[in-house]
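Chemist: Pasting a structure here, questions to come.
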Amino acid sequence: DVGVNVRIREEDKDDAGFTDAGSNWDFSRRPVDDNNNHYLLTRAMPRVGYTGKWFNAVVEGRSSYSINDERYVATAAGKGLAERDGPMDLHQAFIFIGNHKEFPVSLKIGRQELVYGDQRLVGHLRWNNNARTFDAVKLRWQNSLFGVDAFTGGLVYNDHDNLNKANSQDVFSGLYFNFPTALTNEIVEAYVFNRNVSRGITTDNWSGIAAPFRFPAPQDLSTWGVRLRSKPLAYDAWDYGVELMHQTGNRTAVFPAATAAAAAASPRLDQDAWAAVLQGGYTWTEHPWQPRIGVLYSYASGDKNSADGDSQTFQNLFATTHLHYGYLDLNSLQNLHDLRFALTAKPQANISLALETHFQQLDRGTDFWYNVAGVPRNFPGAAAGSGGGYRINPSYDKYLGTEVDFVAGWTFHPAAQIEVGVSHYFRGDYIKESLAKVGSKDASYVYLQLTLNL
């Protein structure tokens with residue numbers, strides 16, 4: 001199998017533009033806060049694959065650029081913030097040994113994507129120009145009663161000036177079970193993920209990689225979860241899903257965006273955090289457009305008290321966050337309530353439409369508002385309750401705002417698709433109160449994307 005995936009996307013973000021200034025300036029009216037960004041993303045991913053009865057192999061490259069993107073700063077500290085990774089790097093290179101039709105065990109080793117569930121905790125992040133991959137070893141056991149993936153490896157860090165590689169001081173491991181015959185009408189899955197980041201990572205000299213990606217917070221976290229969802233058409237036009245997550249272990253008190261010296265000296269916090277997802281939907285299966293209405297509620301705990309030596313802030317691991325909490329990418333699954341209504345339809349087999357609305361608020365006012373990368377919005381120099389910027393403001397209203405997204409896709413050729421999206425974020429009282437001194441305004445986002453699979 002020889003082919004290439006090519007994607008070109010033009011993006012225009014106003015008032016939450018992901019500029020080099022960072023998310024602390026989202027929604028701000030201050031004249032010095034440049035929070036608008038208009039840029040072009042290009043990505044080409046050529047691949048060569050071989051599939052035999054007992055042996056598979058894949059090599060996939062990735063060339064990614066962002067043009068006129070204010071997130072990119074030509075200094076060591078800024079490289080890697082934008083969605084660019086140079087002319088060509090290695091995205092995947094793995095071998096797969098096994099045949100589950102004839103033998104229960106298989107082995108996959110090398111650079112590979114890890115995707116589990118609906119990617120709320122572990123996903124490939126292909127929406128981002130620098131899609132996510134791991135250097136990992138994965139062993140799978142599968143029979144008629146259950147299957148389990150057992151893997152260990154490390155996140156591949158994008159380094160604009162050098163060959164991308166994993167850091168041995170950032171280890172990610174897990175077990176992911178599926179039970180195909182446990183229930184008649186449901187798909188049942190359970191998992192435990194472990195991320196272990198040693199303190200030595202904060203002193204590594206990876207100058208081409210920007211914080212927070214250069215040194216995540218030192219941590220030893222375990223995330224336990226169970227996922228239950230209905231099989232297709234098991235309940236006629238109705239469907240549902242439930243996922244429950246609990247996080248234990250410990251992590252440093254310093255957030256990923258802090259300095260290396262501060263992270264190295266920071267004490268450990270005991271982790272006891274929770275997250276949950278509830279969803280249901282109804283599809284008019286007899287209508288030619290197949291319209292579906294869905295309701296999803298996502299919850300992640302926030303910290304009760306930042307000075308008590310414990311942490312209840314759920315950590316988002318390696319999620320494809322863009323899929324779940326709004327196309328503006330303002331939130332991660334941390335200290336968050338997100339209520340989402342989604343209406344989808346297919347007027348023709350090659351045309352899809354989606355209209356979504358998100359109602360979002362903080363779980364606790366005693367914790368930060370976290371951006372899509374899991375970094376707290378912490379306005380430099382702002383005092384608590386001053387109205388001069390984001391930080392921990394327990395006296396403020398917790399309602400963040402309402403996001404409305406409209407997305408349309410047209411597959412005009414079997415190998416080509418055009419997608420357009422329009423989003424608007426109506427800011428809530430938390431944003432208005434946090435920026436009361438400097439003023440605030442709503443944010444918007446428009447994109448146009450062309451995808452070719454050749």
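Residues are referred to by chain and number: the chain letter is A, B, ... according to the order shown in the structure tokens, the number counts from 1 in that chain, and ligands are numbered separately from 1 in the order shown.
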Pick out the residues sitting within 8 Å of Ser106 of chain A, and hand them over as an MDAnalysis selection string; count only C-alpha atoms, and ignore anything fewer than 2 positions along from it in its own chain.
Modeler: chainID A and resid 96:100 103:104 108 139:141
Chemist: Sorted by chain and rising residue number, which residues of segment 372-418 of chain A lie within 10 Å of segment 315-339 of chain A, and what are their closest atom pairs and distances in Å to one decimal, counting only C-alpha atoms, as a Markdown table?
Modeler:
| residue | atom | partner | partner_atom | distance |
| --- | --- | --- | --- | --- |
| A:Val372 | CA | A:Ser332 | CA | 4.6 |
| A:Ala373 | CA | A:Ser332 | CA | 6.9 |
| A:Gly374 | CA | A:Ser332 | CA | 6.0 |
| A:Val375 | CA | A:Ser332 | CA | 9.0 |
| A:Pro376 | CA | A:Gln334 | CA | 9.7 |
| A:Lys398 | CA | A:Leu336 | CA | 9.7 |
| A:Tyr399 | CA | A:His337 | CA | 9.3 |
| A:Leu400 | CA | A:Leu336 | CA | 9.5 |
| A:Thr402 | CA | A:Gly326 | CA | 9.6 |
| A:Glu403 | CA | A:Gly326 | CA | 6.7 |
| A:Val404 | CA | A:Gly326 | CA | 7.9 |
| A:Asp405 | CA | A:Tyr327 | CA | 6.7 |
| A:Phe406 | CA | A:Tyr327 | CA | 9.2 |
| A:Val407 | CA | A:Tyr327 | CA | 9.3 |
Chemist: In segment 17-57 of chain A, what's strand (DSSP E or B) per DSSP? Answer as an mmCIF file with N, CA, C and O atoms, in the first residue's frame?
Modeler:
data_model
loop_
_atom_site.group_PDB
_atom_site.id
_atom_site.type_symbol
_atom_site.label_atom_id
_atom_site.label_comp_id
_atom_site.auth_asym_id
_atom_site.auth_seq_id
_atom_site.Cartn_x
_atom_site.Cartn_y
_atom_site.Cartn_z
ATOM 1 N N SER A 28 -9.602 39.419 25.782
ATOM 2 C CA SER A 28 -9.224 40.719 26.339
ATOM 3 C C SER A 28 -9.418 41.841 25.321
ATOM 4 O O SER A 28 -9.168 41.676 24.130
ATOM 5 N N ASN A 37 -5.583 35.950 15.110
ATOM 6 C CA ASN A 37 -4.592 35.187 14.353
ATOM 7 C C ASN A 37 -5.235 34.616 13.102
ATOM 8 O O ASN A 37 -6.298 33.980 13.179
ATOM 9 N N HIS A 38 -4.589 34.851 11.955
ATOM 10 C CA HIS A 38 -5.065 34.324 10.673
ATOM 11 C C HIS A 38 -3.884 33.634 10.015
ATOM 12 O O HIS A 38 -2.855 34.275 9.750
ATOM 13 N N TYR A 39 -4.006 32.351 9.705
ATOM 14 C CA TYR A 39 -2.852 31.599 9.224
ATOM 15 C C TYR A 39 -3.305 30.428 8.357
ATOM 16 O O TYR A 39 -4.488 30.046 8.332
ATOM 17 N N LEU A 40 -2.342 29.847 7.644
ATOM 18 C CA LEU A 40 -2.575 28.707 6.761
ATOM 19 C C LEU A 40 -1.771 27.520 7.263
ATOM 20 O O LEU A 40 -0.568 27.635 7.523
ATOM 21 N N LEU A 41 -2.437 26.367 7.397
ATOM 22 C CA LEU A 41 -1.780 25.135 7.800
ATOM 23 C C LEU A 41 -1.703 24.179 6.612
ATOM 24 O O LEU A 41 -2.694 23.991 5.898
ATOM 25 N N THR A 42 -0.538 23.578 6.415
ATOM 26 C CA THR A 42 -0.380 22.554 5.381
ATOM 27 C C THR A 42 0.257 21.318 6.003
ATOM 28 O O THR A 42 1.119 21.427 6.875
ATOM 29 N N ARG A 43 -0.186 20.155 5.545
ATOM 30 C CA ARG A 43 0.383 18.912 6.051
ATOM 31 C C ARG A 43 0.319 17.834 4.976
ATOM 32 O O ARG A 43 -0.717 17.657 4.317
ATOM 33 N N ALA A 44 1.426 17.130 4.788
ATOM 34 C CA ALA A 44 1.492 15.985 3.874
ATOM 35 C C ALA A 44 2.032 14.793 4.645
ATOM 36 O O ALA A 44 3.052 14.892 5.343
ATOM 37 N N MET A 45 1.345 13.650 4.508
ATOM 38 C CA MET A 45 1.730 12.441 5.236
ATOM 39 C C MET A 45 1.824 11.269 4.264
ATOM 40 O O MET A 45 0.844 10.524 4.060
ATOM 41 N N PRO A 46 2.992 11.091 3.622
ATOM 42 C CA PRO A 46 3.174 9.944 2.721
ATOM 43 C C PRO A 46 3.388 8.653 3.514
ATOM 44 O O PRO A 46 3.951 8.682 4.613
ATOM 45 N N ARG A 47 2.948 7.540 2.971
ATOM 46 C CA ARG A 47 3.046 6.273 3.695
ATOM 47 C C ARG A 47 3.341 5.122 2.734
ATOM 48 O O ARG A 47 2.956 5.149 1.553
ATOM 49 N N VAL A 48 3.986 4.111 3.263
ATOM 50 C CA VAL A 48 4.212 2.845 2.570
ATOM 51 C C VAL A 48 3.886 1.738 3.558
ATOM 52 O O VAL A 48 4.376 1.753 4.696
ATOM 53 N N GLY A 49 3.050 0.797 3.150
ATOM 54 C CA GLY A 49 2.664 -0.281 4.042
ATOM 55 C C GLY A 49 2.669 -1.624 3.341
ATOM 56 O O GLY A 49 2.506 -1.719 2.111
ATOM 57 N N TYR A 50 2.866 -2.673 4.122
ATOM 58 C CA TYR A 50 2.812 -4.043 3.605
ATOM 59 C C TYR A 50 1.973 -4.879 4.565
ATOM 60 O O TYR A 50 2.154 -4.798 5.792
ATOM 61 N N THR A 51 1.045 -5.684 4.021
ATOM 62 C CA THR A 51 0.193 -6.537 4.836
ATOM 63 C C THR A 51 0.301 -7.976 4.348
ATOM 64 O O THR A 51 -0.031 -8.271 3.189
ATOM 65 N N PHE A 55 2.407 -10.880 9.126
ATOM 66 C CA PHE A 55 3.349 -9.770 9.303
ATOM 67 C C PHE A 55 2.848 -8.546 8.554
ATOM 68 O O PHE A 55 2.518 -8.617 7.370
ATOM 69 N N ASN A 56 2.763 -7.417 9.275
ATOM 70 C CA ASN A 56 2.437 -6.120 8.678
ATOM 71 C C ASN A 56 3.534 -5.118 9.019
ATOM 72 O O ASN A 56 4.161 -5.209 10.081
ATOM 73 N N ALA A 57 3.728 -4.133 8.149
ATOM 74 C CA ALA A 57 4.697 -3.062 8.420
ATOM 75 C C ALA A 57 4.204 -1.772 7.785
ATOM 76 O O ALA A 57 3.618 -1.793 6.694
#
Chemist: One number please: atom CA of Ser298 of chain A to atom CA of Gly225 of chain A, in Å, one decimal.
Modeler: 14.3 Å
Chemist: Smallest atom-to-atom distance to Pro87 of chain A: which of A:Asn162, A:Thr133, A:Ser352, A:Thr152, using only C-alpha atoms?
Modeler: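 Smallest separation from Pro87 of chain A among the options: A:Asn162.
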Chemist: Can you tell me which residues surround Val137 of chain A at a distance of at most 10 Å, considering only C-alpha atoms, apart from same-chain residues fewer than 3 positions away, and format the answer as a PDB file with all heavy atoms, in the first residue's frame?
Modeler:
ATOM      1  N   PHE A  94       6.324   1.079  12.241  1.00  0.00           N
ATOM      2  CA  PHE A  94       6.123  -0.053  13.138  1.00  0.00           C
ATOM      3  C   PHE A  94       5.996  -1.353  12.349  1.00  0.00           C
ATOM      4  O   PHE A  94       5.727  -1.353  11.144  1.00  0.00           O
ATOM      5  CB  PHE A  94       4.877   0.145  14.005  1.00  0.00           C
ATOM      6  CG  PHE A  94       3.573   0.220  13.243  1.00  0.00           C
ATOM      7  CD1 PHE A  94       2.911  -0.941  12.839  1.00  0.00           C
ATOM      8  CD2 PHE A  94       2.992   1.444  12.947  1.00  0.00           C
ATOM      9  CE1 PHE A  94       1.707  -0.877  12.143  1.00  0.00           C
ATOM     10  CE2 PHE A  94       1.791   1.517  12.258  1.00  0.00           C
ATOM     11  CZ  PHE A  94       1.145   0.350  11.855  1.00  0.00           C
ATOM     12  N   LEU A 107       1.830  -8.764  18.429  1.00  0.00           N
ATOM     13  CA  LEU A 107       2.827  -7.807  18.900  1.00  0.00           C
ATOM     14  C   LEU A 107       2.945  -6.675  17.889  1.00  0.00           C
ATOM     15  O   LEU A 107       3.062  -6.923  16.687  1.00  0.00           O
ATOM     16  CB  LEU A 107       4.188  -8.490  19.072  1.00  0.00           C
ATOM     17  CG  LEU A 107       5.370  -7.573  19.440  1.00  0.00           C
ATOM     18  CD1 LEU A 107       5.193  -7.036  20.858  1.00  0.00           C
ATOM     19  CD2 LEU A 107       6.697  -8.330  19.307  1.00  0.00           C
ATOM     20  N   LYS A 108       2.917  -5.440  18.385  1.00  0.00           N
ATOM     21  CA  LYS A 108       3.127  -4.254  17.547  1.00  0.00           C
ATOM     22  C   LYS A 108       4.231  -3.436  18.200  1.00  0.00           C
ATOM     23  O   LYS A 108       4.106  -3.053  19.371  1.00  0.00           O
ATOM     24  CB  LYS A 108       1.840  -3.441  17.442  1.00  0.00           C
ATOM     25  CG  LYS A 108       1.908  -2.267  16.478  1.00  0.00           C
ATOM     26  CD  LYS A 108       0.529  -1.594  16.393  1.00  0.00           C
ATOM     27  CE  LYS A 108       0.528  -0.441  15.404  1.00  0.00           C
ATOM     28  NZ  LYS A 108      -0.807   0.221  15.346  1.00  0.00           N
ATOM     29  N   ILE A 109       5.294  -3.163  17.459  1.00  0.00           N
ATOM     30  CA  ILE A 109       6.443  -2.486  18.040  1.00  0.00           C
ATOM     31  C   ILE A 109       6.947  -1.407  17.098  1.00  0.00           C
ATOM     32  O   ILE A 109       7.004  -1.600  15.887  1.00  0.00           O
ATOM     33  CB  ILE A 109       7.570  -3.497  18.366  1.00  0.00           C
ATOM     34  CG1 ILE A 109       8.751  -2.805  19.050  1.00  0.00           C
ATOM     35  CG2 ILE A 109       8.004  -4.268  17.120  1.00  0.00           C
ATOM     36  CD1 ILE A 109       9.768  -3.776  19.626  1.00  0.00           C
ATOM     37  N   GLY A 110       7.284  -0.238  17.673  1.00  0.00           N
ATOM     38  CA  GLY A 110       7.803   0.863  16.881  1.00  0.00           C
ATOM     39  C   GLY A 110       7.018   2.140  17.115  1.00  0.00           C
ATOM     40  O   GLY A 110       6.227   2.256  18.067  1.00  0.00           O
ATOM     41  N   ARG A 111       7.228   3.123  16.256  1.00  0.00           N
ATOM     42  CA  ARG A 111       6.520   4.411  16.362  1.00  0.00           C
ATOM     43  C   ARG A 111       5.100   4.224  15.848  1.00  0.00           C
ATOM     44  O   ARG A 111       4.890   3.854  14.704  1.00  0.00           O
ATOM     45  CB  ARG A 111       7.271   5.489  15.575  1.00  0.00           C
ATOM     46  CG  ARG A 111       6.648   6.871  15.694  1.00  0.00           C
ATOM     47  CD  ARG A 111       7.632   7.965  15.347  1.00  0.00           C
ATOM     48  NE  ARG A 111       8.750   7.988  16.302  1.00  0.00           N
ATOM     49  CZ  ARG A 111       9.713   8.913  16.273  1.00  0.00           C
ATOM     50  NH1 ARG A 111       9.708   9.882  15.339  1.00  0.00           N
ATOM     51  NH2 ARG A 111      10.685   8.875  17.152  1.00  0.00           N
ATOM     52  N   GLN A 112       4.123   4.531  16.686  1.00  0.00           N
ATOM     53  CA  GLN A 112       2.731   4.223  16.365  1.00  0.00           C
ATOM     54  C   GLN A 112       1.780   5.179  17.061  1.00  0.00           C
ATOM     55  O   GLN A 112       2.119   5.805  18.068  1.00  0.00           O
ATOM     56  CB  GLN A 112       2.398   2.788  16.792  1.00  0.00           C
ATOM     57  CG  GLN A 112       2.641   2.513  18.265  1.00  0.00           C
ATOM     58  CD  GLN A 112       2.518   1.053  18.629  1.00  0.00           C
ATOM     59  OE1 GLN A 112       1.418   0.539  18.759  1.00  0.00           O
ATOM     60  NE2 GLN A 112       3.665   0.376  18.794  1.00  0.00           N
ATOM     61  N   PHE A 134       3.581   7.771  19.424  1.00  0.00           N
ATOM     62  CA  PHE A 134       4.359   7.240  20.541  1.00  0.00           C
ATOM     63  C   PHE A 134       5.395   6.239  20.024  1.00  0.00           C
ATOM     64  O   PHE A 134       5.142   5.522  19.051  1.00  0.00           O
ATOM     65  CB  PHE A 134       3.453   6.510  21.546  1.00  0.00           C
ATOM     66  CG  PHE A 134       2.454   7.389  22.242  1.00  0.00           C
ATOM     67  CD1 PHE A 134       1.260   7.726  21.624  1.00  0.00           C
ATOM     68  CD2 PHE A 134       2.702   7.876  23.515  1.00  0.00           C
ATOM     69  CE1 PHE A 134       0.329   8.534  22.264  1.00  0.00           C
ATOM     70  CE2 PHE A 134       1.775   8.688  24.163  1.00  0.00           C
ATOM     71  CZ  PHE A 134       0.592   9.014  23.535  1.00  0.00           C
ATOM     72  N   ALA A 150      -1.782  -4.427  26.137  1.00  0.00           N
ATOM     73  CA  ALA A 150      -0.814  -4.044  27.162  1.00  0.00           C
ATOM     74  C   ALA A 150       0.324  -3.318  26.454  1.00  0.00           C
ATOM     75  O   ALA A 150       0.965  -3.891  25.571  1.00  0.00           O
ATOM     76  CB  ALA A 150      -0.280  -5.272  27.892  1.00  0.00           C
ATOM     77  N   PHE A 151       0.546  -2.048  26.808  1.00  0.00           N
ATOM     78  CA  PHE A 151       1.530  -1.259  26.080  1.00  0.00           C
ATOM     79  C   PHE A 151       2.392  -0.455  27.041  1.00  0.00           C
ATOM     80  O   PHE A 151       1.998  -0.161  28.175  1.00  0.00           O
ATOM     81  CB  PHE A 151       0.850  -0.319  25.078  1.00  0.00           C
ATOM     82  CG  PHE A 151       0.027   0.775  25.708  1.00  0.00           C
ATOM     83  CD1 PHE A 151       0.614   1.981  26.095  1.00  0.00           C
ATOM     84  CD2 PHE A 151      -1.328   0.611  25.924  1.00  0.00           C
ATOM     85  CE1 PHE A 151      -0.139   2.987  26.680  1.00  0.00           C
ATOM     86  CE2 PHE A 151      -2.093   1.614  26.514  1.00  0.00           C
ATOM     87  CZ  PHE A 151      -1.493   2.800  26.893  1.00  0.00           C
ATOM     88  N   THR A 152       3.553  -0.082  26.562  1.00  0.00           N
ATOM     89  CA  THR A 152       4.419   0.853  27.270  1.00  0.00           C
ATOM     90  C   THR A 152       5.282   1.566  26.246  1.00  0.00           C
ATOM     91  O   THR A 152       5.628   1.006  25.206  1.00  0.00           O
ATOM     92  CB  THR A 152       5.293   0.140  28.322  1.00  0.00           C
ATOM     93  OG1 THR A 152       6.003   1.124  29.082  1.00  0.00           O
ATOM     94  CG2 THR A 152       6.303  -0.791  27.667  1.00  0.00           C
ATOM     95  N   GLY A 153       5.605   2.811  26.539  1.00  0.00           N
ATOM     96  CA  GLY A 153       6.411   3.605  25.611  1.00  0.00           C
ATOM     97  C   GLY A 153       6.467   5.045  26.041  1.00  0.00           C
ATOM     98  O   GLY A 153       6.252   5.372  27.218  1.00  0.00           O
ATOM     99  N   GLY A 154       6.735   5.928  25.087  1.00  0.00           N
ATOM    100  CA  GLY A 154       6.862   7.337  25.399  1.00  0.00           C
ATOM    101  C   GLY A 154       6.317   8.212  24.301  1.00  0.00           C
ATOM    102  O   GLY A 154       6.377   7.865  23.112  1.00  0.00           O
ATOM    103  N   SER A 173       2.189   3.997  29.996  1.00  0.00           N
ATOM    104  CA  SER A 173       1.879   2.574  29.924  1.00  0.00           C
ATOM    105  C   SER A 173       0.401   2.372  30.207  1.00  0.00           C
ATOM    106  O   SER A 173      -0.271   3.240  30.785  1.00  0.00           O
ATOM    107  CB  SER A 173       2.701   1.778  30.946  1.00  0.00           C
ATOM    108  OG  SER A 173       4.081   2.056  30.841  1.00  0.00           O
TER     109      SER A 173
END
Chemist: Could you name the residues that touch Ser395 of chain A at 10 Å or less, counting only C-alpha atoms, but leaving out those on the same chain fewer than 6 positions away, as a list of chain:residue names?
Modeler: A:Gly365, A:Thr366, A:Ala384, A:Gly385, A:Tyr430, A:Glu433
Chemist: Dump C-alpha atoms for the selected residues as an mmCIF file, in the first residue's frame?
Modeler:
data_model
loop_
_atom_site.group_PDB
_atom_site.id
_atom_site.type_symbol
_atom_site.label_atom_id
_atom_site.label_comp_id
_atom_site.auth_asym_id
_atom_site.auth_seq_id
_atom_site.Cartn_x
_atom_site.Cartn_y
_atom_site.Cartn_z
ATOM 1 C CA GLY A 365 -13.831 28.598 41.626
ATOM 2 C CA THR A 366 -10.888 27.595 43.827
ATOM 3 C CA ALA A 384 -6.986 37.507 42.974
ATOM 4 C CA GLY A 385 -10.339 39.225 42.603
ATOM 5 C CA TYR A 430 -16.455 34.426 34.778
ATOM 6 C CA GLU A 433 -15.514 39.538 35.880
#
Chemist: Could you please determine the separation between atom CA of Trp25 of chain A and atom CA of Gln361 of chain A in Å, to one decimal place?
Modeler: 18.6 Å
Chemist: Name the residues in contact with His124 of chain A at a cut-off of 8 Å, using only C-alpha atoms, excluding same-chain residues fewer than 2 positions from it; report them as a PDB file with N, CA, C and O atoms, in the first residue's frame.
Modeler:
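The result, written out as result-v4.pdb:
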ATOM      1  N   GLU A 113       0.573   5.288  16.516  1.00  0.00           N
ATOM      2  CA  GLU A 113      -0.496   6.031  17.171  1.00  0.00           C
ATOM      3  C   GLU A 113      -1.186   5.129  18.191  1.00  0.00           C
ATOM      4  O   GLU A 113      -1.332   3.926  17.983  1.00  0.00           O
ATOM      5  N   LEU A 114      -1.611   5.719  19.308  1.00  0.00           N
ATOM      6  CA  LEU A 114      -2.419   5.035  20.307  1.00  0.00           C
ATOM      7  C   LEU A 114      -3.781   5.714  20.354  1.00  0.00           C
ATOM      8  O   LEU A 114      -3.873   6.924  20.582  1.00  0.00           O
ATOM      9  N   VAL A 115      -4.828   4.955  20.116  1.00  0.00           N
ATOM     10  CA  VAL A 115      -6.195   5.489  20.086  1.00  0.00           C
ATOM     11  C   VAL A 115      -7.084   4.548  20.880  1.00  0.00           C
ATOM     12  O   VAL A 115      -7.183   3.353  20.559  1.00  0.00           O
ATOM     13  N   GLN A 119     -11.264   8.832  22.370  1.00  0.00           N
ATOM     14  CA  GLN A 119     -10.083   9.689  22.432  1.00  0.00           C
ATOM     15  C   GLN A 119     -10.188  10.799  23.477  1.00  0.00           C
ATOM     16  O   GLN A 119      -9.483  11.797  23.403  1.00  0.00           O
ATOM     17  N   VAL A 122      -6.830   9.257  25.410  1.00  0.00           N
ATOM     18  CA  VAL A 122      -5.703   8.845  24.573  1.00  0.00           C
ATOM     19  C   VAL A 122      -6.156   8.843  23.117  1.00  0.00           C
ATOM     20  O   VAL A 122      -7.063   8.091  22.739  1.00  0.00           O
ATOM     21  N   ARG A 126      -5.105  14.067  15.325  1.00  0.00           N
ATOM     22  CA  ARG A 126      -4.850  14.367  13.910  1.00  0.00           C
ATOM     23  C   ARG A 126      -5.450  15.700  13.473  1.00  0.00           C
ATOM     24  O   ARG A 126      -5.101  16.195  12.403  1.00  0.00           O
ATOM     25  N   ALA A 131       0.319  15.836  14.431  1.00  0.00           N
ATOM     26  CA  ALA A 131      -0.437  14.754  15.053  1.00  0.00           C
ATOM     27  C   ALA A 131       0.429  14.005  16.063  1.00  0.00           C
ATOM     28  O   ALA A 131       1.652  14.026  15.994  1.00  0.00           O
ATOM     29  N   ARG A 132      -0.232  13.343  17.007  1.00  0.00           N
ATOM     30  CA  ARG A 132       0.470  12.715  18.136  1.00  0.00           C
ATOM     31  C   ARG A 132       0.822  11.265  17.819  1.00  0.00           C
ATOM     32  O   ARG A 132       0.034  10.526  17.224  1.00  0.00           O
ATOM     33  N   THR A 133       1.999  10.853  18.273  1.00  0.00           N
ATOM     34  CA  THR A 133       2.436   9.476  18.110  1.00  0.00           C
ATOM     35  C   THR A 133       3.339   9.082  19.277  1.00  0.00           C
ATOM     36  O   THR A 133       3.796   9.940  20.040  1.00  0.00           O
ATOM     37  N   ALA A 319      -5.351  13.404  25.200  1.00  0.00           N
ATOM     38  CA  ALA A 319      -6.664  13.408  24.546  1.00  0.00           C
ATOM     39  C   ALA A 319      -6.627  14.114  23.201  1.00  0.00           C
ATOM     40  O   ALA A 319      -5.793  14.978  22.936  1.00  0.00           O
ATOM     41  N   THR A 320      -7.574  13.743  22.335  1.00  0.00           N
ATOM     42  CA  THR A 320      -7.892  14.548  21.159  1.00  0.00           C
ATOM     43  C   THR A 320      -9.031  15.472  21.580  1.00  0.00           C
ATOM     44  O   THR A 320     -10.210  15.232  21.319  1.00  0.00           O
TER      45      THR A 320
END
Chemist: I need the residues in segment 132-280 of chain A that are alpha helix (DSSP H) according to DSSP; give them as an NGL selection string.
Modeler: :A and (260-265)
Chemist: Would you kindly return, as a count of residues only, each protein, DNA or RNA residue with an atom no farther than 12 Å from any atom of Leu450 of chain A, considering only C-alpha atoms and excluding same-chain residues fewer than 2 positions away?
Modeler: 26
Chemist: Quick one: residues within 10 Å of Thr181 of chain A, only C-alpha atoms, excluding same-chain residues fewer than 5 positions away - as JSON, numbers by chain?
Modeler: {"A": [144, 145, 146, 186, 187, 188]}
Chemist: Write out, as a PDB file, in the first residue's frame, the residues just selected, with all heavy atoms.
Modeler:
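The resulting file, again-v8.pdb, is reproduced below:
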ATOM      1  N   SER A 144     -12.618 -15.105  22.382  1.00  0.00           N
ATOM      2  CA  SER A 144     -14.052 -14.835  22.267  1.00  0.00           C
ATOM      3  C   SER A 144     -14.624 -14.159  23.504  1.00  0.00           C
ATOM      4  O   SER A 144     -15.692 -13.548  23.444  1.00  0.00           O
ATOM      5  CB  SER A 144     -14.802 -16.138  22.009  1.00  0.00           C
ATOM      6  OG  SER A 144     -14.582 -17.073  23.074  1.00  0.00           O
ATOM      7  N   LEU A 145     -13.928 -14.245  24.640  1.00  0.00           N
ATOM      8  CA  LEU A 145     -14.439 -13.675  25.879  1.00  0.00           C
ATOM      9  C   LEU A 145     -13.973 -12.250  26.129  1.00  0.00           C
ATOM     10  O   LEU A 145     -14.741 -11.410  26.594  1.00  0.00           O
ATOM     11  CB  LEU A 145     -14.037 -14.563  27.066  1.00  0.00           C
ATOM     12  CG  LEU A 145     -14.604 -15.970  27.070  1.00  0.00           C
ATOM     13  CD1 LEU A 145     -14.088 -16.746  28.266  1.00  0.00           C
ATOM     14  CD2 LEU A 145     -16.133 -15.948  27.068  1.00  0.00           C
ATOM     15  N   PHE A 146     -12.708 -11.968  25.848  1.00  0.00           N
ATOM     16  CA  PHE A 146     -12.195 -10.625  26.090  1.00  0.00           C
ATOM     17  C   PHE A 146     -10.926 -10.405  25.267  1.00  0.00           C
ATOM     18  O   PHE A 146     -10.283 -11.349  24.793  1.00  0.00           O
ATOM     19  CB  PHE A 146     -11.905 -10.398  27.579  1.00  0.00           C
ATOM     20  CG  PHE A 146     -10.639 -11.058  28.073  1.00  0.00           C
ATOM     21  CD1 PHE A 146      -9.451 -10.328  28.159  1.00  0.00           C
ATOM     22  CD2 PHE A 146     -10.618 -12.396  28.432  1.00  0.00           C
ATOM     23  CE1 PHE A 146      -8.290 -10.920  28.611  1.00  0.00           C
ATOM     24  CE2 PHE A 146      -9.464 -12.989  28.885  1.00  0.00           C
ATOM     25  CZ  PHE A 146      -8.293 -12.250  28.971  1.00  0.00           C
ATOM     26  N   GLU A 186     -24.615  -4.097  24.779  1.00  0.00           N
ATOM     27  CA  GLU A 186     -23.647  -3.069  25.139  1.00  0.00           C
ATOM     28  C   GLU A 186     -22.228  -3.495  24.776  1.00  0.00           C
ATOM     29  O   GLU A 186     -21.892  -4.678  24.756  1.00  0.00           O
ATOM     30  CB  GLU A 186     -23.695  -2.760  26.629  1.00  0.00           C
ATOM     31  CG  GLU A 186     -24.810  -1.818  27.040  1.00  0.00           C
ATOM     32  CD  GLU A 186     -26.168  -2.476  27.026  1.00  0.00           C
ATOM     33  OE1 GLU A 186     -26.233  -3.702  27.247  1.00  0.00           O
ATOM     34  OE2 GLU A 186     -27.169  -1.783  26.774  1.00  0.00           O
ATOM     35  N   ILE A 187     -21.394  -2.505  24.517  1.00  0.00           N
ATOM     36  CA  ILE A 187     -19.952  -2.675  24.392  1.00  0.00           C
ATOM     37  C   ILE A 187     -19.334  -2.250  25.719  1.00  0.00           C
ATOM     38  O   ILE A 187     -19.565  -1.137  26.198  1.00  0.00           O
ATOM     39  CB  ILE A 187     -19.389  -1.830  23.238  1.00  0.00           C
ATOM     40  CG1 ILE A 187     -19.969  -2.314  21.900  1.00  0.00           C
ATOM     41  CG2 ILE A 187     -17.870  -1.876  23.205  1.00  0.00           C
ATOM     42  CD1 ILE A 187     -19.634  -1.426  20.724  1.00  0.00           C
ATOM     43  N   VAL A 188     -18.562  -3.141  26.325  1.00  0.00           N
ATOM     44  CA  VAL A 188     -17.997  -2.896  27.655  1.00  0.00           C
ATOM     45  C   VAL A 188     -16.480  -2.845  27.545  1.00  0.00           C
ATOM     46  O   VAL A 188     -15.854  -3.744  26.970  1.00  0.00           O
ATOM     47  CB  VAL A 188     -18.409  -4.005  28.650  1.00  0.00           C
ATOM     48  CG1 VAL A 188     -17.855  -3.693  30.042  1.00  0.00           C
ATOM     49  CG2 VAL A 188     -19.926  -4.158  28.684  1.00  0.00           C
TER      50      VAL A 188
END
